[in-house]
Amino acid sequence: MMIFVNAFVVGGIICLIGQLLLDVGKLTPAHTLSTLVVAGAVLDGLDLYEPLIDFAGAGASVPITSFGNALVHGAVTEAQQSGLIGILTGIFQVTSAGVSAAIIFSFLAALIFRPKG
Amino acid sequence: MDKESKLTPSQQGYKKLAGKHEIKRPVLKNCVKAFIIGGLVCTFGQMIQNGYVAYFDFTEKTAGDPTVATLVFIASLLTGLGIYDRFGQFAGAGSAVPVTGFANAMASAAIEHRTEGYVLGVGGNMFKLAGSVIVYGVFAAFVIVLVKYLFFGL
């Protein structure tokens, strides 16, 4: 049960940081999301993001910061096995599910739906 | 010479006047909304994840992928129905920061540009907003892992 509370609080805080970047930092949404992704990548580079996922579950794995984390993670895992080239082959290893799903479902949505208002 | 002093006196006067009438962003209210909605989206994600662990053959570690895919599917569907954008106007970063916002950015760009054709419109514009996230994420990850690899040993 505790995991739901942790997920809510941590996920909420990450979104709150995003809102502060938008409102106080006066960044555009694209700048905000790019900043958060890079922040997630840096945190995983410092080995800090995995502990956060262990603590907060989906609260850390659902926000876009986890995309940066997953990019680094896949690249590190592959590089450990196959050396330098592993950075290139591994970078999309973990994020593949999210990116592929987004491409496929977005395309299907464009086939089915018409633009609204 | 900075930007400010390049303006003529009347332009400076106008800027002051416009500044006075600019609508102040309700930062606190926006932050509370972002916290609650973002937290709820993540809690919902946690419920899906627990479901995959309980009813399918996934472990805590491997349940992340189907969870993200499910959220992406739901967000694309809600975007197509025109619901997600209304939700987004209310929730701000609470709907943009979770992976559902990423899916929404892609699906809405794809739907919006379908009138320009499936190749140039849908194919060419799908990553219009989401592309910057991928580009900066990938490049940052590349640099970080390269530095780790060369200087710290993985």
# chains A, B, ... in the order shown; residues from 1 in each chain; ligands from 1
$ interface_residues --of "chain B" --to "chain A" --cutoff "6 Å" --atoms "only C-alpha atoms" --output "count of residues only"
30
$ atom_distance --atom1 "CA of Leu7 in chain B" --atom2 "CA of Pro26 in chain B"
29.5 Å
$ select_by_dssp --residues "range 48-138 of chain B" --states "alpha helix (DSSP H)" --output "number ranges by chain"
B: 48-55, 64-80, 83-91, 93-96, 99-112, 124-125, 130-138
$ residues_around --residues "Thr62 in chain B" --least-positions-apart "4" --cutoff "10 Å" --atoms "only C-alpha atoms" --output "list in words"
Gln49, Tyr52, Val53, Asp57, Phe58, Pro66 and Thr67 of chain B
$ closest_residue --among "B:Ser95, B:Phe102, B:Gly82, B:Ile48" --to "Asn30 in chain B" --atoms "only C-alpha atoms"
B:Ser95
$ closest_residue --among "B:Val147, B:Gly92, B:Gly124, B:Phe152" --to "Thr28 in chain A" --atoms "only C-alpha atoms"
B:Gly92
$ decode --residues "chain A" --atoms "C-alpha atoms" --output "PDB file, in the first residue's frame"
ATOM      1  CA  MET A   1       0.000   0.000   0.000  1.00  0.00           C
ATOM      2  CA  MET A   2       2.891   2.292   0.880  1.00  0.00           C
ATOM      3  CA  ILE A   3       4.104   2.137  -2.727  1.00  0.00           C
ATOM      4  CA  PHE A   4       0.950   4.012  -3.868  1.00  0.00           C
ATOM      5  CA  VAL A   5       1.609   6.845  -1.431  1.00  0.00           C
ATOM      6  CA  ASN A   6       5.250   7.037  -2.505  1.00  0.00           C
ATOM      7  CA  ALA A   7       4.239   6.939  -6.186  1.00  0.00           C
ATOM      8  CA  PHE A   8       1.732   9.749  -5.637  1.00  0.00           C
ATOM      9  CA  VAL A   9       4.128  11.986  -3.708  1.00  0.00           C
ATOM     10  CA  VAL A  10       7.236  11.489  -5.864  1.00  0.00           C
ATOM     11  CA  GLY A  11       5.292  11.654  -9.139  1.00  0.00           C
ATOM     12  CA  GLY A  12       3.538  14.753  -7.880  1.00  0.00           C
ATOM     13  CA  ILE A  13       6.804  16.426  -6.907  1.00  0.00           C
ATOM     14  CA  ILE A  14       8.360  15.772 -10.331  1.00  0.00           C
ATOM     15  CA  CYS A  15       5.290  17.299 -12.015  1.00  0.00           C
ATOM     16  CA  LEU A  16       5.455  20.213  -9.574  1.00  0.00           C
ATOM     17  CA  ILE A  17       9.063  20.851 -10.624  1.00  0.00           C
ATOM     18  CA  GLY A  18       7.869  20.802 -14.237  1.00  0.00           C
ATOM     19  CA  GLN A  19       5.159  23.338 -13.412  1.00  0.00           C
ATOM     20  CA  LEU A  20       7.725  25.603 -11.721  1.00  0.00           C
ATOM     21  CA  LEU A  21       9.944  25.439 -14.811  1.00  0.00           C
ATOM     22  CA  LEU A  22       6.913  26.469 -16.909  1.00  0.00           C
ATOM     23  CA  ASP A  23       5.567  29.232 -14.666  1.00  0.00           C
ATOM     24  CA  VAL A  24       8.566  30.619 -12.805  1.00  0.00           C
ATOM     25  CA  GLY A  25      11.318  29.668 -15.261  1.00  0.00           C
ATOM     26  CA  LYS A  26       9.054  30.823 -18.141  1.00  0.00           C
ATOM     27  CA  LEU A  27      10.171  27.875 -20.274  1.00  0.00           C
ATOM     28  CA  THR A  28       8.067  26.488 -23.128  1.00  0.00           C
ATOM     29  CA  PRO A  29       6.653  22.968 -22.625  1.00  0.00           C
ATOM     30  CA  ALA A  30       9.248  21.571 -25.052  1.00  0.00           C
ATOM     31  CA  HIS A  31      12.094  23.203 -23.097  1.00  0.00           C
ATOM     32  CA  THR A  32      10.635  21.960 -19.807  1.00  0.00           C
ATOM     33  CA  LEU A  33      10.330  18.351 -20.966  1.00  0.00           C
ATOM     34  CA  SER A  34      13.797  18.390 -22.549  1.00  0.00           C
ATOM     35  CA  THR A  35      15.239  19.736 -19.292  1.00  0.00           C
ATOM     36  CA  LEU A  36      13.522  17.008 -17.271  1.00  0.00           C
ATOM     37  CA  VAL A  37      14.743  14.272 -19.611  1.00  0.00           C
ATOM     38  CA  VAL A  38      18.324  15.514 -19.372  1.00  0.00           C
ATOM     39  CA  ALA A  39      17.927  15.753 -15.572  1.00  0.00           C
ATOM     40  CA  GLY A  40      16.777  12.120 -15.476  1.00  0.00           C
ATOM     41  CA  ALA A  41      19.757  11.068 -17.581  1.00  0.00           C
ATOM     42  CA  VAL A  42      22.180  12.944 -15.312  1.00  0.00           C
ATOM     43  CA  LEU A  43      20.608  11.446 -12.177  1.00  0.00           C
ATOM     44  CA  ASP A  44      21.031   7.949 -13.569  1.00  0.00           C
ATOM     45  CA  GLY A  45      24.598   8.808 -14.536  1.00  0.00           C
ATOM     46  CA  LEU A  46      25.143   9.513 -10.829  1.00  0.00           C
ATOM     47  CA  ASP A  47      23.350   6.234  -9.939  1.00  0.00           C
ATOM     48  CA  LEU A  48      20.599   8.116  -8.133  1.00  0.00           C
ATOM     49  CA  TYR A  49      17.555   7.327 -10.288  1.00  0.00           C
ATOM     50  CA  GLU A  50      17.314   3.568  -9.718  1.00  0.00           C
ATOM     51  CA  PRO A  51      17.035   3.995  -5.928  1.00  0.00           C
ATOM     52  CA  LEU A  52      14.234   6.481  -6.598  1.00  0.00           C
ATOM     53  CA  ILE A  53      12.379   3.895  -8.731  1.00  0.00           C
ATOM     54  CA  ASP A  54      12.861   1.285  -5.999  1.00  0.00           C
ATOM     55  CA  PHE A  55      11.336   3.727  -3.538  1.00  0.00           C
ATOM     56  CA  ALA A  56       8.519   5.247  -5.578  1.00  0.00           C
ATOM     57  CA  GLY A  57       7.760   2.701  -8.319  1.00  0.00           C
ATOM     58  CA  ALA A  58       5.591   4.282 -10.994  1.00  0.00           C
ATOM     59  CA  GLY A  59       6.043   7.653  -9.279  1.00  0.00           C
ATOM     60  CA  ALA A  60       9.559   7.668 -10.720  1.00  0.00           C
ATOM     61  CA  SER A  61       9.058   5.468 -13.795  1.00  0.00           C
ATOM     62  CA  VAL A  62       6.002   7.219 -15.280  1.00  0.00           C
ATOM     63  CA  PRO A  63       7.282  10.847 -15.442  1.00  0.00           C
ATOM     64  CA  ILE A  64       9.365  11.727 -18.510  1.00  0.00           C
ATOM     65  CA  THR A  65      12.531  11.916 -16.363  1.00  0.00           C
ATOM     66  CA  SER A  66      12.536   8.116 -16.436  1.00  0.00           C
ATOM     67  CA  PHE A  67      12.978   8.311 -20.217  1.00  0.00           C
ATOM     68  CA  GLY A  68      16.393   9.913 -19.661  1.00  0.00           C
ATOM     69  CA  ASN A  69      17.127   7.365 -16.975  1.00  0.00           C
ATOM     70  CA  ALA A  70      16.178   4.479 -19.263  1.00  0.00           C
ATOM     71  CA  LEU A  71      18.317   5.827 -22.132  1.00  0.00           C
ATOM     72  CA  VAL A  72      21.387   5.900 -19.895  1.00  0.00           C
ATOM     73  CA  HIS A  73      20.528   2.564 -18.339  1.00  0.00           C
ATOM     74  CA  GLY A  74      20.205   0.719 -21.634  1.00  0.00           C
ATOM     75  CA  ALA A  75      23.439   2.224 -22.923  1.00  0.00           C
ATOM     76  CA  VAL A  76      25.368   1.335 -19.747  1.00  0.00           C
ATOM     77  CA  THR A  77      24.102  -2.251 -19.723  1.00  0.00           C
ATOM     78  CA  GLU A  78      25.019  -2.815 -23.370  1.00  0.00           C
ATOM     79  CA  ALA A  79      28.386  -1.064 -23.018  1.00  0.00           C
ATOM     80  CA  GLN A  80      29.263  -3.369 -20.119  1.00  0.00           C
ATOM     81  CA  GLN A  81      28.714  -6.360 -22.385  1.00  0.00           C
ATOM     82  CA  SER A  82      30.040  -5.231 -25.750  1.00  0.00           C
ATOM     83  CA  GLY A  83      32.238  -2.191 -25.112  1.00  0.00           C
ATOM     84  CA  LEU A  84      32.052   1.229 -26.702  1.00  0.00           C
ATOM     85  CA  ILE A  85      29.662   0.242 -29.510  1.00  0.00           C
ATOM     86  CA  GLY A  86      27.206  -0.845 -26.815  1.00  0.00           C
ATOM     87  CA  ILE A  87      26.441   2.815 -26.104  1.00  0.00           C
ATOM     88  CA  LEU A  88      24.950   3.117 -29.586  1.00  0.00           C
ATOM     89  CA  THR A  89      23.216  -0.245 -29.676  1.00  0.00           C
ATOM     90  CA  GLY A  90      21.909  -0.062 -26.120  1.00  0.00           C
ATOM     91  CA  ILE A  91      20.606   3.482 -25.910  1.00  0.00           C
ATOM     92  CA  PHE A  92      17.085   2.571 -27.072  1.00  0.00           C
ATOM     93  CA  GLN A  93      17.079  -0.901 -25.516  1.00  0.00           C
ATOM     94  CA  VAL A  94      14.964  -0.053 -22.480  1.00  0.00           C
ATOM     95  CA  THR A  95      12.956   2.834 -23.934  1.00  0.00           C
ATOM     96  CA  SER A  96      11.965   0.865 -26.999  1.00  0.00           C
ATOM     97  CA  ALA A  97       8.580  -0.116 -25.529  1.00  0.00           C
ATOM     98  CA  GLY A  98       7.559   3.475 -24.844  1.00  0.00           C
ATOM     99  CA  VAL A  99       8.846   4.969 -28.093  1.00  0.00           C
ATOM    100  CA  SER A 100       7.511   2.168 -30.306  1.00  0.00           C
ATOM    101  CA  ALA A 101       4.139   2.228 -28.560  1.00  0.00           C
ATOM    102  CA  ALA A 102       3.927   6.003 -28.950  1.00  0.00           C
ATOM    103  CA  ILE A 103       4.710   5.806 -32.683  1.00  0.00           C
ATOM    104  CA  ILE A 104       2.288   2.943 -33.358  1.00  0.00           C
ATOM    105  CA  PHE A 105      -0.626   4.281 -31.317  1.00  0.00           C
ATOM    106  CA  SER A 106      -0.125   7.840 -32.616  1.00  0.00           C
ATOM    107  CA  PHE A 107      -0.236   6.558 -36.182  1.00  0.00           C
ATOM    108  CA  LEU A 108      -3.369   4.540 -35.460  1.00  0.00           C
ATOM    109  CA  ALA A 109      -4.917   7.604 -33.816  1.00  0.00           C
ATOM    110  CA  ALA A 110      -4.169   9.649 -36.941  1.00  0.00           C
ATOM    111  CA  LEU A 111      -5.831   6.956 -39.086  1.00  0.00           C
ATOM    112  CA  ILE A 112      -8.967   6.850 -36.968  1.00  0.00           C
ATOM    113  CA  PHE A 113      -9.548  10.341 -35.592  1.00  0.00           C
ATOM    114  CA  ARG A 114     -10.038  13.728 -37.211  1.00  0.00           C
ATOM    115  CA  PRO A 115      -8.652  16.966 -35.723  1.00  0.00           C
ATOM    116  CA  LYS A 116     -11.052  18.565 -33.247  1.00  0.00           C
ATOM    117  CA  GLY A 117     -11.884  22.259 -33.001  1.00  0.00           C
TER     118      GLY A 117
END
